[in-house]
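Structure data follow from model10.pdb (PDB, C-alpha atoms):
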ATOM      1  CA  MET K   1      -6.461 -13.428  73.516  1.00  0.00           C
ATOM      2  CA  GLY K   2      -8.727 -11.972  70.851  1.00  0.00           C
ATOM      3  CA  ASP K   3      -7.210  -8.507  70.780  1.00  0.00           C
ATOM      4  CA  HIS K   4      -3.670  -9.880  70.557  1.00  0.00           C
ATOM      5  CA  LEU K   5      -4.553 -12.118  67.617  1.00  0.00           C
ATOM      6  CA  TRP K   6      -6.303  -9.340  65.681  1.00  0.00           C
ATOM      7  CA  VAL K   7      -3.411  -6.918  66.235  1.00  0.00           C
ATOM      8  CA  SER K   8      -0.898  -9.614  65.232  1.00  0.00           C
ATOM      9  CA  ARG K   9      -2.843 -10.278  62.045  1.00  0.00           C
ATOM     10  CA  TYR K  10      -2.907  -6.556  61.287  1.00  0.00           C
ATOM     11  CA  ILE K  11       0.862  -6.293  61.764  1.00  0.00           C
ATOM     12  CA  LEU K  12       1.409  -9.393  59.600  1.00  0.00           C
ATOM     13  CA  HIS K  13      -0.623  -7.878  56.762  1.00  0.00           C
ATOM     14  CA  ARG K  14       1.116  -4.491  57.014  1.00  0.00           C
ATOM     15  CA  VAL K  15       4.617  -6.012  57.019  1.00  0.00           C
ATOM     16  CA  ALA K  16       3.715  -8.324  54.129  1.00  0.00           C
ATOM     17  CA  GLU K  17       2.379  -5.324  52.213  1.00  0.00           C
ATOM     18  CA  GLU K  18       5.793  -3.628  52.532  1.00  0.00           C
ATOM     19  CA  PHE K  19       7.387  -6.653  50.843  1.00  0.00           C
ATOM     20  CA  ASN K  20       4.649  -7.039  48.218  1.00  0.00           C
ATOM     21  CA  VAL K  21       3.573 -10.377  49.696  1.00  0.00           C
ATOM     22  CA  CYS K  22      -0.031 -11.563  49.909  1.00  0.00           C
ATOM     23  CA  VAL K  23      -1.124 -13.164  53.201  1.00  0.00           C
ATOM     24  CA  SER K  24      -3.947 -15.679  53.425  1.00  0.00           C
ATOM     25  CA  LEU K  25      -5.547 -16.841  56.662  1.00  0.00           C
ATOM     26  CA  ASP K  26      -7.433 -19.565  54.810  1.00  0.00           C
ATOM     27  CA  PRO K  27      -6.950 -22.892  56.600  1.00  0.00           C
ATOM     28  CA  LYS K  28      -6.145 -24.622  53.313  1.00  0.00           C
ATOM     29  CA  PRO K  29      -5.310 -22.006  50.677  1.00  0.00           C
ATOM     30  CA  ILE K  30      -3.849 -24.612  48.320  1.00  0.00           C
ATOM     31  CA  ASP K  31      -5.567 -27.945  47.714  1.00  0.00           C
ATOM     32  CA  GLY K  32      -3.493 -31.026  48.245  1.00  0.00           C
ATOM     33  CA  ASP K  33      -2.352 -33.775  50.542  1.00  0.00           C
ATOM     34  CA  TRP K  34      -1.246 -31.709  53.532  1.00  0.00           C
ATOM     35  CA  ASN K  35      -2.617 -30.668  56.918  1.00  0.00           C
ATOM     36  CA  GLY K  36      -3.461 -27.018  56.361  1.00  0.00           C
ATOM     37  CA  ALA K  37      -3.311 -24.369  59.075  1.00  0.00           C
ATOM     38  CA  GLY K  38      -5.154 -24.232  62.351  1.00  0.00           C
ATOM     39  CA  CYS K  39      -5.266 -21.832  65.263  1.00  0.00           C
ATOM     40  CA  HIS K  40      -4.892 -24.259  68.144  1.00  0.00           C
ATOM     41  CA  THR K  41      -6.340 -22.742  71.273  1.00  0.00           C
ATOM     42  CA  ASN K  42      -4.981 -23.430  74.750  1.00  0.00           C
ATOM     43  CA  VAL K  43      -7.721 -23.464  77.385  1.00  0.00           C
ATOM     44  CA  SER K  44      -7.588 -23.398  81.158  1.00  0.00           C
ATOM     45  CA  THR K  45      -9.566 -22.225  84.121  1.00  0.00           C
ATOM     46  CA  LYS K  46      -8.121 -21.509  87.546  1.00  0.00           C
ATOM     47  CA  PRO K  47      -9.206 -24.926  88.905  1.00  0.00           C
ATOM     48  CA  MET K  48      -7.511 -26.643  85.927  1.00  0.00           C
ATOM     49  CA  ARG K  49      -4.216 -24.973  86.822  1.00  0.00           C
ATOM     50  CA  GLU K  50      -4.347 -25.996  90.483  1.00  0.00           C
ATOM     51  CA  GLU K  51      -3.603 -29.274  92.273  1.00  0.00           C
ATOM     52  CA  GLY K  52      -6.138 -31.881  91.078  1.00  0.00           C
ATOM     53  CA  GLY K  53      -6.810 -29.861  87.931  1.00  0.00           C
ATOM     54  CA  MET K  54      -6.861 -32.922  85.675  1.00  0.00           C
ATOM     55  CA  GLU K  55     -10.340 -33.750  86.982  1.00  0.00           C
ATOM     56  CA  HIS K  56     -11.547 -30.298  85.840  1.00  0.00           C
ATOM     57  CA  ILE K  57      -9.807 -30.732  82.483  1.00  0.00           C
ATOM     58  CA  MET K  58     -11.623 -34.035  81.927  1.00  0.00           C
ATOM     59  CA  VAL K  59     -14.984 -32.473  82.841  1.00  0.00           C
ATOM     60  CA  ALA K  60     -14.338 -29.675  80.320  1.00  0.00           C
ATOM     61  CA  ILE K  61     -13.413 -32.214  77.641  1.00  0.00           C
ATOM     62  CA  GLU K  62     -16.648 -34.147  78.257  1.00  0.00           C
ATOM     63  CA  LYS K  63     -18.637 -30.917  77.906  1.00  0.00           C
ATOM     64  CA  MET K  64     -16.791 -30.038  74.701  1.00  0.00           C
ATOM     65  CA  GLU K  65     -17.471 -33.501  73.287  1.00  0.00           C
ATOM     66  CA  ALA K  66     -21.200 -33.034  73.915  1.00  0.00           C
ATOM     67  CA  LYS K  67     -21.072 -29.740  71.957  1.00  0.00           C
ATOM     68  CA  HIS K  68     -18.693 -30.870  69.186  1.00  0.00           C
ATOM     69  CA  LYS K  69     -21.003 -29.811  66.352  1.00  0.00           C
ATOM     70  CA  GLU K  70     -21.570 -26.355  67.853  1.00  0.00           C
ATOM     71  CA  HIS K  71     -17.828 -25.886  68.287  1.00  0.00           C
ATOM     72  CA  ILE K  72     -17.075 -26.916  64.703  1.00  0.00           C
ATOM     73  CA  GLU K  73     -19.643 -24.398  63.461  1.00  0.00           C
ATOM     74  CA  ALA K  74     -18.061 -21.624  65.554  1.00  0.00           C
ATOM     75  CA  TYR K  75     -14.443 -22.477  64.766  1.00  0.00           C
ATOM     76  CA  ASP K  76     -14.343 -20.958  61.295  1.00  0.00           C
ATOM     77  CA  PRO K  77     -16.271 -18.045  59.781  1.00  0.00           C
ATOM     78  CA  SER K  78     -17.957 -20.342  57.248  1.00  0.00           C
ATOM     79  CA  GLY K  79     -19.734 -22.448  59.860  1.00  0.00           C
ATOM     80  CA  GLY K  80     -17.322 -25.363  59.488  1.00  0.00           C
ATOM     81  CA  LYS K  81     -16.955 -25.415  55.699  1.00  0.00           C
ATOM     82  CA  ASP K  82     -13.401 -24.054  55.770  1.00  0.00           C
ATOM     83  CA  ASN K  83     -12.365 -26.539  58.435  1.00  0.00           C
ATOM     84  CA  ALA K  84     -13.896 -29.447  56.501  1.00  0.00           C
ATOM     85  CA  ARG K  85     -11.001 -29.111  54.051  1.00  0.00           C
ATOM     86  CA  ARG K  86      -8.467 -29.256  56.908  1.00  0.00           C
ATOM     87  CA  LEU K  87      -9.900 -31.607  59.552  1.00  0.00           C
ATOM     88  CA  THR K  88      -9.716 -34.810  57.521  1.00  0.00           C
ATOM     89  CA  GLY K  89      -8.307 -37.191  60.104  1.00  0.00           C
ATOM     90  CA  ALA K  90      -4.993 -37.279  58.219  1.00  0.00           C
ATOM     91  CA  HIS K  91      -1.744 -35.354  58.703  1.00  0.00           C
ATOM     92  CA  GLU K  92      -2.094 -34.897  62.470  1.00  0.00           C
ATOM     93  CA  THR K  93      -5.648 -33.570  62.271  1.00  0.00           C
ATOM     94  CA  ALA K  94      -8.790 -34.990  63.818  1.00  0.00           C
ATOM     95  CA  SER K  95     -11.794 -35.822  61.676  1.00  0.00           C
ATOM     96  CA  ILE K  96     -14.316 -32.993  61.596  1.00  0.00           C
ATOM     97  CA  ASN K  97     -17.049 -35.603  62.130  1.00  0.00           C
ATOM     98  CA  GLU K  98     -15.642 -37.269  65.251  1.00  0.00           C
ATOM     99  CA  PHE K  99     -14.550 -35.890  68.603  1.00  0.00           C
ATOM    100  CA  SER K 100     -11.401 -37.318  70.151  1.00  0.00           C
ATOM    101  CA  TYR K 101      -8.899 -36.464  72.836  1.00  0.00           C
ATOM    102  CA  GLY K 102      -5.648 -37.836  74.137  1.00  0.00           C
ATOM    103  CA  VAL K 103      -2.400 -37.154  75.913  1.00  0.00           C
ATOM    104  CA  ALA K 104       0.255 -35.833  73.509  1.00  0.00           C
ATOM    105  CA  HIS K 105      -2.032 -36.931  70.651  1.00  0.00           C
ATOM    106  CA  ARG K 106      -1.461 -34.500  67.800  1.00  0.00           C
ATOM    107  CA  GLY K 107      -4.220 -36.124  65.751  1.00  0.00           C
ATOM    108  CA  ALA K 108      -6.937 -35.583  68.374  1.00  0.00           C
ATOM    109  CA  SER K 109      -9.573 -32.854  68.596  1.00  0.00           C
ATOM    110  CA  ILE K 110      -8.295 -32.030  72.078  1.00  0.00           C
ATOM    111  CA  ARG K 111      -4.690 -32.661  73.101  1.00  0.00           C
ATOM    112  CA  ILE K 112      -3.608 -32.870  76.703  1.00  0.00           C
ATOM    113  CA  PRO K 113       0.097 -32.050  76.883  1.00  0.00           C
ATOM    114  CA  ARG K 114       2.298 -34.781  78.367  1.00  0.00           C
ATOM    115  CA  SER K 115       3.497 -32.358  81.049  1.00  0.00           C
ATOM    116  CA  VAL K 116      -0.102 -31.762  82.143  1.00  0.00           C
ATOM    117  CA  GLU K 117      -0.696 -35.488  82.540  1.00  0.00           C
ATOM    118  CA  LYS K 118       2.537 -35.782  84.534  1.00  0.00           C
ATOM    119  CA  ASP K 119       1.788 -32.807  86.803  1.00  0.00           C
ATOM    120  CA  GLY K 120      -1.932 -33.547  87.157  1.00  0.00           C
ATOM    121  CA  TYR K 121      -2.956 -29.980  86.300  1.00  0.00           C
ATOM    122  CA  GLY K 122      -2.539 -27.368  83.576  1.00  0.00           C
ATOM    123  CA  TYR K 123      -4.471 -26.811  80.369  1.00  0.00           C
ATOM    124  CA  LEU K 124      -5.914 -28.481  77.284  1.00  0.00           C
ATOM    125  CA  GLU K 125      -5.266 -27.652  73.643  1.00  0.00           C
ATOM    126  CA  ASP K 126      -8.269 -27.456  71.322  1.00  0.00           C
ATOM    127  CA  ARG K 127      -6.804 -28.270  67.897  1.00  0.00           C
ATOM    128  CA  ARG K 128     -10.033 -27.708  65.949  1.00  0.00           C
ATOM    129  CA  PRO K 129     -10.159 -23.900  65.398  1.00  0.00           C
ATOM    130  CA  SER K 130      -9.136 -22.861  61.898  1.00  0.00           C
ATOM    131  CA  SER K 131      -6.436 -20.329  61.056  1.00  0.00           C
ATOM    132  CA  ASN K 132      -9.107 -17.839  59.954  1.00  0.00           C
ATOM    133  CA  MET K 133     -11.139 -18.188  63.141  1.00  0.00           C
ATOM    134  CA  ASP K 134     -12.610 -15.210  64.947  1.00  0.00           C
ATOM    135  CA  PRO K 135     -11.011 -15.407  68.401  1.00  0.00           C
ATOM    136  CA  TYR K 136     -13.990 -13.726  70.076  1.00  0.00           C
ATOM    137  CA  VAL K 137     -16.396 -16.304  68.638  1.00  0.00           C
ATOM    138  CA  VAL K 138     -14.112 -19.205  69.593  1.00  0.00           C
ATOM    139  CA  CYS K 139     -13.597 -17.947  73.148  1.00  0.00           C
ATOM    140  CA  ASN K 140     -17.318 -17.301  73.491  1.00  0.00           C
ATOM    141  CA  ARG K 141     -18.158 -20.854  72.393  1.00  0.00           C
ATOM    142  CA  ILE K 142     -15.588 -22.389  74.761  1.00  0.00           C
ATOM    143  CA  ILE K 143     -16.745 -20.292  77.736  1.00  0.00           C
ATOM    144  CA  LYS K 144     -20.402 -21.087  77.060  1.00  0.00           C
ATOM    145  CA  THR K 145     -19.564 -24.788  77.003  1.00  0.00           C
ATOM    146  CA  ILE K 146     -17.146 -25.246  79.881  1.00  0.00           C
ATOM    147  CA  ALA K 147     -17.962 -22.386  82.249  1.00  0.00           C
ATOM    148  CA  ILE K 148     -21.597 -21.428  81.733  1.00  0.00           C
ATOM    149  CA  ASP K 149     -22.966 -24.918  80.907  1.00  0.00           C
ATOM    150  CA  GLU K 150     -25.150 -23.513  78.142  1.00  0.00           C
ATOM    151  CA  ASP K 151     -27.614 -25.985  76.658  1.00  0.00           C
TER
END
What does this structure look like when you write it as structure tokens?
Amino acid sequence: MGDHLWVSRYILHRVAEEFNVCVSLDPKPIDGDWNGAGCHTNVSTKPMREEGGMEHIMVAIEKMEAKHKEHIEAYDPSGGKDNARRLTGAHETASINEFSYGVAHRGASIRIPRSVEKDGYGYLEDRRPSSNMDPYVVCNRIIKTIAIDED
């Protein structure tokens, strides 16, 4: 995932340069009453994608809830300061201070797609990473939490 995002960002900047357009990855480049921009991250492990995977999804969510603060700090390059402007609890964003999850809940920290609930397996969507996130840092934090059980 990380390489694809970095290359996509590079291409975006180069194309914008050709049209004399400035690109910002800031999660809220303009102050105001709007939701800003995130980099929602879909997460799954092999057991999550197999029959009975919902149980594994719920275990991962519980682990992520226990490490909410650490995730917030990793999810933008400013240790959470950039995301504090975006994750207000309004405009289909979760509050930066509270962890939440739900099925098809666009205002939750973690969203479980309706199709995943119906099928009983699939993936979860972490809606907390900011648009300027470093994908290697985000993936590292998620893996440490749900796969390695780092304390």
Exercise for review: Could you pull out every residue with an atom within 9 Å of (-4.9, -28.8, 87.0), file coordinates, counting all atoms listed in the file, and send them as a count of residues only?
Suggested key: 20
**Study point:** 10 Å contact set for Tyr75 (chain K), only C-alpha atoms, chain neighbours under 3 positions out, as a ChimeraX atom specification
**Key:** /K:38-39,69-72,78-83,128-135,137-139,141
Review point. Got a sec to resolve the PyMOL selection byres ((chain K and resi 105) around 12) on this structure and send the residues as an MDAnalysis selection string?
Key: chainID K and resid 92:94 100:104 106:114 124:127
Practice item. Mind giving me the straight-line distance from CA of Met64 (chain K) to CA of Trp34 (chain K) in Å, one decimal? Key: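 Separation between CA of Met64 (chain K) and CA of Trp34 (chain K): 26.3 Å.
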Exercise for review: Considering all atoms listed in the file, return as number ranges by chain whatever protein or nucleic-acid residues lie within 10 Å of Asp3 (chain K), sequence-local ones (same chain, fewer than 5 positions apart) excluded.
Suggested key: K: 8-9, 135-136
Listed atoms of region 135-144 of chain K boxed axis-aligned with 4 Å per side, centre + edges as JSON:
{"center_x": -15.7, "center_y": -18.1, "center_z": 73.1, "size_x": 17.4, "size_y": 16.7, "size_z": 17.3}
Practice item. Step by step, work through what the PyMOL selection byres ((chain K and resi 23) around 12) selects in the shown file, and finish by giving those residues as a ChimeraX atom specification. Key: /K:9-22,24-27,29,131-132
Write out the residues from the selection above, keeping C-alpha atoms, as a PDB file, in the coordinates of the input.
ATOM      1  CA  ARG K   9      -2.843 -10.278  62.045  1.00  0.00           C
ATOM      2  CA  TYR K  10      -2.907  -6.556  61.287  1.00  0.00           C
ATOM      3  CA  ILE K  11       0.862  -6.293  61.764  1.00  0.00           C
ATOM      4  CA  LEU K  12       1.409  -9.393  59.600  1.00  0.00           C
ATOM      5  CA  HIS K  13      -0.623  -7.878  56.762  1.00  0.00           C
ATOM      6  CA  ARG K  14       1.116  -4.491  57.014  1.00  0.00           C
ATOM      7  CA  VAL K  15       4.617  -6.012  57.019  1.00  0.00           C
ATOM      8  CA  ALA K  16       3.715  -8.324  54.129  1.00  0.00           C
ATOM      9  CA  GLU K  17       2.379  -5.324  52.213  1.00  0.00           C
ATOM     10  CA  GLU K  18       5.793  -3.628  52.532  1.00  0.00           C
ATOM     11  CA  PHE K  19       7.387  -6.653  50.843  1.00  0.00           C
ATOM     12  CA  ASN K  20       4.649  -7.039  48.218  1.00  0.00           C
ATOM     13  CA  VAL K  21       3.573 -10.377  49.696  1.00  0.00           C
ATOM     14  CA  CYS K  22      -0.031 -11.563  49.909  1.00  0.00           C
ATOM     15  CA  SER K  24      -3.947 -15.679  53.425  1.00  0.00           C
ATOM     16  CA  LEU K  25      -5.547 -16.841  56.662  1.00  0.00           C
ATOM     17  CA  ASP K  26      -7.433 -19.565  54.810  1.00  0.00           C
ATOM     18  CA  PRO K  27      -6.950 -22.892  56.600  1.00  0.00           C
ATOM     19  CA  PRO K  29      -5.310 -22.006  50.677  1.00  0.00           C
ATOM     20  CA  SER K 131      -6.436 -20.329  61.056  1.00  0.00           C
ATOM     21  CA  ASN K 132      -9.107 -17.839  59.954  1.00  0.00           C
TER      22      ASN K 132
END
**Study point:** Separation of CA of Lys118 (chain K) from CA of Glu98 (chain K) in Å
**Key:**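 The value is 26.5 Å.
For the pair CA of Ser95 (chain K) and CA of His68 (chain K), the separation is 11.3 Å.
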Check your understanding: Pick the closest to Asp31 (chain K) from K:Arg86, K:Lys144, K:Lys67, K:His91: which is it, counting all atoms listed in the file?
Key ->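 Closest to Asp31 (chain K) of all the choices is K:Arg86.
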